[in-house]
>>> print(open('model_34.pdb').read())   # PDB, C-alpha atoms, pLDDT in the B column
ATOM      1  CA  MET U  10      -9.439   9.349  -1.260  1.00 40.00           C
ATOM      2  CA  THR U  11      -6.211  10.878  -2.584  1.00 42.00           C
ATOM      3  CA  VAL U  12      -4.528  13.205  -0.131  1.00 46.00           C
ATOM      4  CA  GLN U  13      -1.844  15.629  -1.299  1.00 49.00           C
ATOM      5  CA  PRO U  14       0.454  16.727   1.525  1.00 51.00           C
ATOM      6  CA  ALA U  15       0.567  20.419   2.396  1.00 55.00           C
ATOM      7  CA  ALA U  16       3.620  22.363   1.255  1.00 62.00           C
ATOM      8  CA  GLY U  17       6.646  21.519   3.395  1.00 76.00           C
ATOM      9  CA  THR U  18       5.091  18.428   4.936  1.00 91.00           C
ATOM     10  CA  CYS U  19       6.295  14.896   4.368  1.00 95.00           C
ATOM     11  CA  GLU U  20       5.025  13.133   1.255  1.00 96.00           C
ATOM     12  CA  CYS U  21       3.874  10.137   3.327  1.00 96.00           C
ATOM     13  CA  GLY U  22       0.830  12.108   4.486  1.00 93.00           C
ATOM     14  CA  SER U  23       1.653  12.146   8.204  1.00 93.00           C
ATOM     15  CA  GLY U  24       1.236  15.915   8.367  1.00 93.00           C
ATOM     16  CA  GLU U  25       4.717  16.325   9.866  1.00 95.00           C
ATOM     17  CA  GLN U  26       7.590  18.234   8.297  1.00 94.00           C
ATOM     18  CA  PHE U  27       9.804  16.037   6.103  1.00 93.00           C
ATOM     19  CA  GLU U  28      12.881  16.446   8.321  1.00 92.00           C
ATOM     20  CA  ALA U  29      10.949  15.352  11.439  1.00 93.00           C
ATOM     21  CA  CYS U  30       9.247  12.470   9.616  1.00 95.00           C
ATOM     22  CA  CYS U  31      10.687  10.359   6.806  1.00 96.00           C
ATOM     23  CA  GLY U  32      13.633  12.713   6.271  1.00 94.00           C
ATOM     24  CA  ARG U  33      15.304  11.378   9.399  1.00 95.00           C
ATOM     25  CA  TYR U  34      15.269   7.922   7.790  1.00 96.00           C
ATOM     26  CA  LEU U  35      16.113   8.829   4.205  1.00 94.00           C
ATOM     27  CA  ALA U  36      18.739  11.489   4.902  1.00 86.00           C
ATOM     28  CA  ALA U  37      19.758  11.350   8.545  1.00 72.00           C
ATOM     29  CA  GLY U  38      20.565   7.655   8.891  1.00 80.00           C
ATOM     30  CA  GLN U  39      17.991   6.782  11.549  1.00 92.00           C
ATOM     31  CA  TRP U  40      15.768   3.731  11.058  1.00 96.00           C
ATOM     32  CA  PRO U  41      11.975   3.377  11.554  1.00 97.00           C
ATOM     33  CA  THR U  42      10.961   1.614  14.765  1.00 97.00           C
ATOM     34  CA  THR U  43       7.693   0.257  13.335  1.00 97.00           C
ATOM     35  CA  ALA U  44       6.619  -1.470  10.123  1.00 98.00           C
ATOM     36  CA  THR U  45       4.209   1.403   9.408  1.00 97.00           C
ATOM     37  CA  GLY U  46       7.055   3.884   9.785  1.00 97.00           C
ATOM     38  CA  LEU U  47       9.093   1.915   7.260  1.00 98.00           C
ATOM     39  CA  MET U  48       6.093   1.727   4.920  1.00 98.00           C
ATOM     40  CA  ARG U  49       5.722   5.508   5.032  1.00 97.00           C
ATOM     41  CA  ALA U  50       9.475   5.987   4.502  1.00 97.00           C
ATOM     42  CA  ARG U  51       9.456   3.607   1.506  1.00 98.00           C
ATOM     43  CA  TYR U  52       6.561   5.517  -0.080  1.00 98.00           C
ATOM     44  CA  THR U  53       8.477   8.765   0.422  1.00 97.00           C
ATOM     45  CA  ALA U  54      11.574   7.129  -1.060  1.00 97.00           C
ATOM     46  CA  TYR U  55       9.573   6.303  -4.191  1.00 97.00           C
ATOM     47  CA  VAL U  56       8.301   9.884  -4.372  1.00 97.00           C
ATOM     48  CA  ARG U  57      11.892  11.150  -4.135  1.00 96.00           C
ATOM     49  CA  ALA U  58      13.397   8.297  -6.225  1.00 96.00           C
ATOM     50  CA  ASP U  59      15.720   7.404  -3.325  1.00 97.00           C
ATOM     51  CA  ILE U  60      16.689   4.011  -4.734  1.00 97.00           C
ATOM     52  CA  PRO U  61      19.535   3.319  -2.249  1.00 96.00           C
ATOM     53  CA  PHE U  62      17.069   3.601   0.659  1.00 96.00           C
ATOM     54  CA  LEU U  63      14.590   1.317  -1.109  1.00 97.00           C
ATOM     55  CA  SER U  64      17.305  -1.269  -1.670  1.00 96.00           C
ATOM     56  CA  GLU U  65      18.619  -1.074   1.896  1.00 96.00           C
ATOM     57  CA  SER U  66      15.115  -1.318   3.369  1.00 97.00           C
ATOM     58  CA  ASN U  67      14.485  -4.622   1.584  1.00 97.00           C
ATOM     59  CA  HIS U  68      15.033  -7.711   3.718  1.00 97.00           C
ATOM     60  CA  PRO U  69      18.507  -9.209   3.152  1.00 97.00           C
ATOM     61  CA  ASP U  70      16.909 -12.557   2.179  1.00 96.00           C
ATOM     62  CA  THR U  71      14.955 -10.947  -0.678  1.00 94.00           C
ATOM     63  CA  ARG U  72      17.178  -7.975  -1.555  1.00 95.00           C
ATOM     64  CA  HIS U  73      18.567  -9.846  -4.577  1.00 95.00           C
ATOM     65  CA  GLU U  74      15.063  -9.699  -6.119  1.00 95.00           C
ATOM     66  CA  PHE U  75      15.008  -5.879  -6.045  1.00 96.00           C
ATOM     67  CA  ASP U  76      15.324  -4.238  -9.476  1.00 96.00           C
ATOM     68  CA  PRO U  77      16.900  -0.804  -8.915  1.00 97.00           C
ATOM     69  CA  LEU U  78      16.564   0.282 -12.553  1.00 97.00           C
ATOM     70  CA  GLY U  79      12.897  -0.737 -12.678  1.00 96.00           C
ATOM     71  CA  ALA U  80      12.260   0.978  -9.340  1.00 96.00           C
ATOM     72  CA  ARG U  81      13.902   4.161 -10.627  1.00 97.00           C
ATOM     73  CA  ARG U  82      11.836   4.111 -13.840  1.00 96.00           C
ATOM     74  CA  TRP U  83       8.622   3.615 -11.823  1.00 95.00           C
ATOM     75  CA  ALA U  84       9.541   6.276  -9.245  1.00 96.00           C
ATOM     76  CA  GLU U  85      10.644   8.936 -11.717  1.00 96.00           C
ATOM     77  CA  GLY U  86       7.929   8.140 -14.267  1.00 96.00           C
ATOM     78  CA  SER U  87       5.111   8.591 -11.767  1.00 96.00           C
ATOM     79  CA  GLU U  88       3.495  11.651 -10.255  1.00 96.00           C
ATOM     80  CA  TRP U  89       2.849  10.569  -6.677  1.00 96.00           C
ATOM     81  CA  LYS U  90      -0.487  11.730  -5.256  1.00 96.00           C
ATOM     82  CA  GLY U  91      -0.770  10.234  -1.780  1.00 95.00           C
ATOM     83  CA  LEU U  92      -0.586   7.264   0.552  1.00 96.00           C
ATOM     84  CA  GLU U  93      -3.431   5.689   2.506  1.00 96.00           C
ATOM     85  CA  ILE U  94      -2.667   3.231   5.308  1.00 96.00           C
ATOM     86  CA  LEU U  95      -5.753   1.002   5.494  1.00 95.00           C
ATOM     87  CA  ASP U  96      -4.783  -1.558   8.120  1.00 95.00           C
ATOM     88  CA  THR U  97      -1.830  -2.831  10.122  1.00 96.00           C
ATOM     89  CA  GLU U  98      -1.192  -6.064  11.946  1.00 96.00           C
ATOM     90  CA  GLY U  99       1.772  -6.388  14.290  1.00 97.00           C
ATOM     91  CA  GLY U 100       4.767  -4.371  13.240  1.00 96.00           C
ATOM     92  CA  GLY U 101       5.246  -2.611  16.564  1.00 96.00           C
ATOM     93  CA  GLU U 102       8.527  -1.890  18.305  1.00 96.00           C
ATOM     94  CA  ASP U 103       8.400  -5.202  20.209  1.00 96.00           C
ATOM     95  CA  ASP U 104       7.168  -7.338  17.276  1.00 97.00           C
ATOM     96  CA  THR U 105       9.297  -9.301  14.823  1.00 97.00           C
ATOM     97  CA  THR U 106       6.799  -9.379  11.933  1.00 97.00           C
ATOM     98  CA  GLY U 107       4.077  -7.099  10.704  1.00 97.00           C
ATOM     99  CA  SER U 108       1.896  -6.251   7.750  1.00 97.00           C
ATOM    100  CA  VAL U 109       0.621  -2.966   6.374  1.00 97.00           C
ATOM    101  CA  GLU U 110      -2.273  -2.784   3.932  1.00 96.00           C
ATOM    102  CA  PHE U 111      -2.024   0.401   1.921  1.00 96.00           C
ATOM    103  CA  VAL U 112      -3.046   2.214  -1.231  1.00 95.00           C
ATOM    104  CA  ALA U 113      -0.539   4.387  -3.081  1.00 96.00           C
ATOM    105  CA  HIS U 114      -2.093   6.840  -5.518  1.00 96.00           C
ATOM    106  CA  TYR U 115      -0.103   8.088  -8.481  1.00 96.00           C
ATOM    107  CA  ARG U 116      -0.455   9.267 -12.057  1.00 96.00           C
ATOM    108  CA  ARG U 117       1.483   7.486 -14.790  1.00 93.00           C
ATOM    109  CA  ARG U 118       1.289   8.404 -18.469  1.00 92.00           C
ATOM    110  CA  GLY U 119      -1.696  10.629 -17.704  1.00 93.00           C
ATOM    111  CA  GLU U 120      -3.698   7.864 -16.018  1.00 94.00           C
ATOM    112  CA  MET U 121      -4.522   7.731 -12.300  1.00 95.00           C
ATOM    113  CA  VAL U 122      -3.423   4.482 -10.664  1.00 95.00           C
ATOM    114  CA  ARG U 123      -4.534   3.034  -7.336  1.00 94.00           C
ATOM    115  CA  HIS U 124      -1.855   0.572  -6.144  1.00 94.00           C
ATOM    116  CA  HIS U 125      -3.452  -1.560  -3.371  1.00 95.00           C
ATOM    117  CA  GLU U 126      -1.086  -3.931  -1.596  1.00 95.00           C
ATOM    118  CA  LEU U 127      -0.485  -5.884   1.587  1.00 96.00           C
ATOM    119  CA  ALA U 128       3.175  -5.317   2.483  1.00 97.00           C
ATOM    120  CA  LEU U 129       4.869  -7.845   4.770  1.00 97.00           C
ATOM    121  CA  PHE U 130       7.683  -6.716   7.045  1.00 98.00           C
ATOM    122  CA  GLU U 131      10.172  -8.589   9.203  1.00 98.00           C
ATOM    123  CA  LYS U 132      12.864  -7.517  11.620  1.00 97.00           C
ATOM    124  CA  HIS U 133      16.440  -8.487  10.823  1.00 96.00           C
ATOM    125  CA  ASP U 134      19.233  -7.571  13.235  1.00 95.00           C
ATOM    126  CA  GLY U 135      16.760  -5.405  15.172  1.00 95.00           C
ATOM    127  CA  ARG U 136      15.686  -3.323  12.137  1.00 96.00           C
ATOM    128  CA  TRP U 137      12.453  -3.464  10.164  1.00 98.00           C
ATOM    129  CA  HIS U 138      12.744  -4.553   6.520  1.00 98.00           C
ATOM    130  CA  PHE U 139      10.269  -5.027   3.682  1.00 97.00           C
ATOM    131  CA  LYS U 140      10.034  -8.781   3.060  1.00 97.00           C
ATOM    132  CA  ASP U 141       7.262  -9.402   0.517  1.00 95.00           C
ATOM    133  CA  ALA U 142       3.993  -8.110  -0.905  1.00 94.00           C
ATOM    134  CA  ARG U 143       0.662  -9.739  -1.592  1.00 92.00           C
ATOM    135  CA  SER U 144      -2.663  -8.761  -3.058  1.00 87.00           C
ATOM    136  CA  PRO U 145      -5.088  -8.030  -0.226  1.00 81.00           C
ATOM    137  CA  GLN U 146      -7.707 -10.647   0.550  1.00 70.00           C
ATOM    138  CA  VAL U 147     -11.002  -9.918  -1.124  1.00 64.00           C
ATOM    139  CA  GLU U 148     -13.930 -11.009   0.992  1.00 63.00           C
ATOM    140  CA  THR U 149     -16.356 -13.305  -0.762  1.00 63.00           C
ATOM    141  CA  VAL U 150     -19.931 -12.253  -0.196  1.00 66.00           C
ATOM    142  CA  VAL U 151     -22.250 -15.161   0.532  1.00 71.00           C
ATOM    143  CA  ARG U 152     -25.962 -14.581   0.086  1.00 71.00           C
ATOM    144  CA  ALA U 153     -28.110 -15.242   3.123  1.00 72.00           C
ATOM    145  CA  ALA U 154     -31.032 -16.235   0.893  1.00 71.00           C
ATOM    146  CA  PRO U 155     -31.123 -17.879  -2.527  1.00 74.00           C
ATOM    147  CA  LYS U 156     -30.958 -15.598  -5.556  1.00 79.00           C
ATOM    148  CA  VAL U 157     -34.375 -14.683  -6.943  1.00 79.00           C
ATOM    149  CA  GLY U 158     -34.777 -15.197 -10.686  1.00 80.00           C
ATOM    150  CA  ARG U 159     -36.290 -12.407 -12.784  1.00 77.00           C
ATOM    151  CA  ASN U 160     -39.404 -14.458 -13.640  1.00 83.00           C
ATOM    152  CA  GLU U 161     -39.985 -15.894 -10.172  1.00 82.00           C
ATOM    153  CA  PRO U 162     -42.586 -14.493  -7.768  1.00 83.00           C
ATOM    154  CA  CYS U 163     -41.293 -11.469  -5.865  1.00 81.00           C
ATOM    155  CA  PRO U 164     -40.215 -12.402  -2.308  1.00 78.00           C
ATOM    156  CA  CYS U 165     -42.011  -9.301  -0.952  1.00 79.00           C
ATOM    157  CA  GLY U 166     -45.323 -11.167  -1.359  1.00 78.00           C
ATOM    158  CA  SER U 167     -46.937  -8.838  -3.924  1.00 82.00           C
ATOM    159  CA  GLY U 168     -47.837 -11.730  -6.244  1.00 81.00           C
ATOM    160  CA  ARG U 169     -46.048 -10.044  -9.137  1.00 84.00           C
ATOM    161  CA  LYS U 170     -42.914 -11.298 -10.905  1.00 82.00           C
ATOM    162  CA  TYR U 171     -39.663 -10.123  -9.352  1.00 80.00           C
ATOM    163  CA  LYS U 172     -38.624  -8.242 -12.527  1.00 78.00           C
ATOM    164  CA  LYS U 173     -41.870  -6.187 -12.433  1.00 83.00           C
ATOM    165  CA  CYS U 174     -41.719  -5.535  -8.681  1.00 84.00           C
ATOM    166  CA  CYS U 175     -38.640  -5.180  -6.442  1.00 82.00           C
ATOM    167  CA  GLY U 176     -36.271  -6.119  -9.281  1.00 77.00           C
ATOM    168  CA  ALA U 177     -37.400  -3.167 -11.441  1.00 75.00           C
TER     169      ALA U 177
END
>>> encode(input="model_34.pdb", output="structure tokens")
Amino acid sequence: MTVQPAAGTCECGSGEQFEACCGRYLAAGQWPTTATGLMRARYTAYVRADIPFLSESNHPDTRHEFDPLGARRWAEGSEWKGLEILDTEGGGEDDTTGSVEFVAHYRRRGEMVRHHELALFEKHDGRWHFKDARSPQVETVVRAAPKVGRNEPCPCGSGRKYKKCCGA
């Protein structure tokens, strides 16, 4: 579900005013105290094309991998539609690592895009930083019973072929 923030509220979807939410990180020099807070601030930085914040919020060990020109092209070339936080693990004020599974919705070249990612965060010198990203784990569904072929007898016991009974 794509959620557009109300006028005057922060782009991260928190419902708070920008200045009281991500604005204090992007403009006022404060730093998020949780991995989720940094995730929300990074999304807002993409919406606002705040490339210096995106660079600074990368972990020092991986900051050299950040492409500021590519990030600017992506940020400015996209119409940002909303952020969904799906799951978090760790990432609290007393933790040193954390992960945030999220979906960022945006429109690019007229096409809606759903960017689903598992972002990994790590504290460095007491501050949260984005460390890496992975594709979320997709659960493999295992059948409890063997697959019924179309021409096999229907498992419901009707005596008819599966394709003519429950498989129709």
>>> residues_around(input="model_34.pdb", residues="Arg123 in chain U", least_positions_apart="3", cutoff="10 Å", atoms="all atoms listed in the file", output="list of chain:residue names")
U:Thr11, U:Lys90, U:Gly91, U:Leu92, U:Phe111, U:Val112, U:Ala113, U:His114, U:Tyr115, U:Arg116, U:Glu120, U:Glu126
>>> resolve_selection(input="model_34.pdb", expression="the PyMOL selection byres ((chain U and resi 154-161) around 9)", output="JSON, numbers by chain")
{"U": [151, 152, 153, 162, 163, 164, 169, 170, 171, 172, 173, 176]}
>>> write_last_selection(input="model_34.pdb", atoms="C-alpha atoms", output="compact mmCIF listing (two decimals), keeping the file's coordinate frame")
# COMPACT_ATOMS: atom_id res chain seq x y z
CA VAL U 151 -22.25 -15.16 0.53
CA ARG U 152 -25.96 -14.58 0.09
CA ALA U 153 -28.11 -15.24 3.12
CA PRO U 162 -42.59 -14.49 -7.77
CA CYS U 163 -41.29 -11.47 -5.86
CA PRO U 164 -40.22 -12.40 -2.31
CA ARG U 169 -46.05 -10.04 -9.14
CA LYS U 170 -42.91 -11.30 -10.90
CA TYR U 171 -39.66 -10.12 -9.35
CA LYS U 172 -38.62 -8.24 -12.53
CA LYS U 173 -41.87 -6.19 -12.43
CA GLY U 176 -36.27 -6.12 -9.28
>>> resolve_selection(input="model_34.pdb", expression="the PyMOL selection byres ((chain U and resi 133) around 10)", output="NGL selection string")
:U and (68-70 or 105-106 or 130-132 or 134-138)
>>> write_last_selection(input="model_34.pdb", atoms="C-alpha atoms", output="PDB file, in the coordinates of the input")
ATOM      1  CA  HIS U  68      15.033  -7.711   3.718  1.00 97.00           C
ATOM      2  CA  PRO U  69      18.507  -9.209   3.152  1.00 97.00           C
ATOM      3  CA  ASP U  70      16.909 -12.557   2.179  1.00 96.00           C
ATOM      4  CA  THR U 105       9.297  -9.301  14.823  1.00 97.00           C
ATOM      5  CA  THR U 106       6.799  -9.379  11.933  1.00 97.00           C
ATOM      6  CA  PHE U 130       7.683  -6.716   7.045  1.00 98.00           C
ATOM      7  CA  GLU U 131      10.172  -8.589   9.203  1.00 98.00           C
ATOM      8  CA  LYS U 132      12.864  -7.517  11.620  1.00 97.00           C
ATOM      9  CA  ASP U 134      19.233  -7.571  13.235  1.00 95.00           C
ATOM     10  CA  GLY U 135      16.760  -5.405  15.172  1.00 95.00           C
ATOM     11  CA  ARG U 136      15.686  -3.323  12.137  1.00 96.00           C
ATOM     12  CA  TRP U 137      12.453  -3.464  10.164  1.00 98.00           C
ATOM     13  CA  HIS U 138      12.744  -4.553   6.520  1.00 98.00           C
TER      14      HIS U 138
END
>>> atom_distance(input="model_34.pdb", atom1="CA of Tyr52 in chain U", atom2="CA of Ser23 in chain U")
11.7 Å
>>> closest_residue(input="model_34.pdb", among="U:Gly99, U:Gln39, U:Gly22, U:Trp89", to="Gly119 in chain U", atoms="only C-alpha atoms")
U:Trp89
>>> closest_residue(input="model_34.pdb", among="U:Val122, U:Leu129, U:Cys165, U:Cys21", to="Asp96 in chain U", atoms="only C-alpha atoms")
U:Leu129
>>> closest_residue(input="model_34.pdb", among="U:Cys31, U:Leu63, U:Ala58, U:Leu95", to="Asp76 in chain U", atoms="all atoms listed in the file")
U:Leu63
>>> residues_around(input="model_34.pdb", residues="Glu102 in chain U", least_positions_apart="6", cutoff="9 Å", atoms="all atoms listed in the file", output="PyMOL selection string")
chain U and resi 42-44
>>> atom_distance(input="model_34.pdb", atom1="CA of Ala80 in chain U", atom2="CA of Ala50 in chain U")
15.0 Å
>>> residues_around(input="model_34.pdb", residues="Ala84 in chain U", least_positions_apart="5", cutoff="9 Å", atoms="only C-alpha atoms", output="list in words")
Ala54, Tyr55, Val56, Arg57, Ala58, Asp59, Ile60, Gly79 and Trp89 of chain U
>>> axis_aligned_box(input="model_34.pdb", around="range 41-59 of chain U", padding_each_side="8 Å", output="JSON")
{"center_x": 10.0, "center_y": 4.8, "center_z": 4.3, "size_x": 27.5, "size_y": 28.6, "size_z": 37.0}
>>> atom_distance(input="model_34.pdb", atom1="CA of Val109 in chain U", atom2="CA of His125 in chain U")
10.7 Å
>>> closest_residue(input="model_34.pdb", among="U:Ile94, U:Arg49, U:Arg118, U:Gln146", to="Phe27 in chain U", atoms="all atoms listed in the file")
U:Arg49
>>> decode(input="model_34.pdb", residues="range 114-126 of chain U", atoms="N, CA and C atoms", output="CSV table (one decimal), in the first residue's frame")
chain,number,residue,atom,x,y,z
U,114,HIS,N,8.2,3.1,-2.4
U,114,HIS,CA,7.4,3.2,-3.6
U,114,HIS,C,7.8,4.5,-4.3
U,115,TYR,N,8.0,4.4,-5.6
U,115,TYR,CA,8.3,5.6,-6.4
U,115,TYR,C,7.9,5.4,-7.8
U,116,ARG,N,7.8,6.5,-8.5
U,116,ARG,CA,7.5,6.5,-10.0
U,116,ARG,C,8.7,7.0,-10.7
U,117,ARG,N,9.1,6.2,-11.7
U,117,ARG,CA,10.3,6.6,-12.5
U,117,ARG,C,10.0,6.3,-14.0
U,118,ARG,N,10.1,7.4,-14.8
U,118,ARG,CA,9.8,7.3,-16.2
U,118,ARG,C,8.4,6.8,-16.4
U,119,GLY,N,7.5,7.3,-15.6
U,119,GLY,CA,6.1,6.9,-15.7
U,119,GLY,C,5.7,5.6,-15.2
U,120,GLU,N,6.6,4.8,-14.7
U,120,GLU,CA,6.3,3.5,-14.2
U,120,GLU,C,6.4,3.4,-12.7
U,121,MET,N,5.4,2.8,-12.0
U,121,MET,CA,5.5,2.6,-10.6
U,121,MET,C,6.5,1.5,-10.2
U,122,VAL,N,7.3,1.8,-9.2
U,122,VAL,CA,8.4,0.9,-8.8
U,122,VAL,C,8.2,0.6,-7.3
U,123,ARG,N,8.4,-0.7,-7.0
U,123,ARG,CA,8.3,-1.1,-5.6
U,123,ARG,C,9.7,-1.7,-5.2
U,124,HIS,N,10.5,-0.9,-4.5
U,124,HIS,CA,11.8,-1.2,-4.1
U,124,HIS,C,11.8,-1.9,-2.7
U,125,HIS,N,11.9,-3.2,-2.7
U,125,HIS,CA,11.9,-4.0,-1.5
U,125,HIS,C,13.3,-4.4,-1.1
U,126,GLU,N,13.7,-4.1,0.1
U,126,GLU,CA,15.1,-4.3,0.5
U,126,GLU,C,15.2,-4.6,2.0
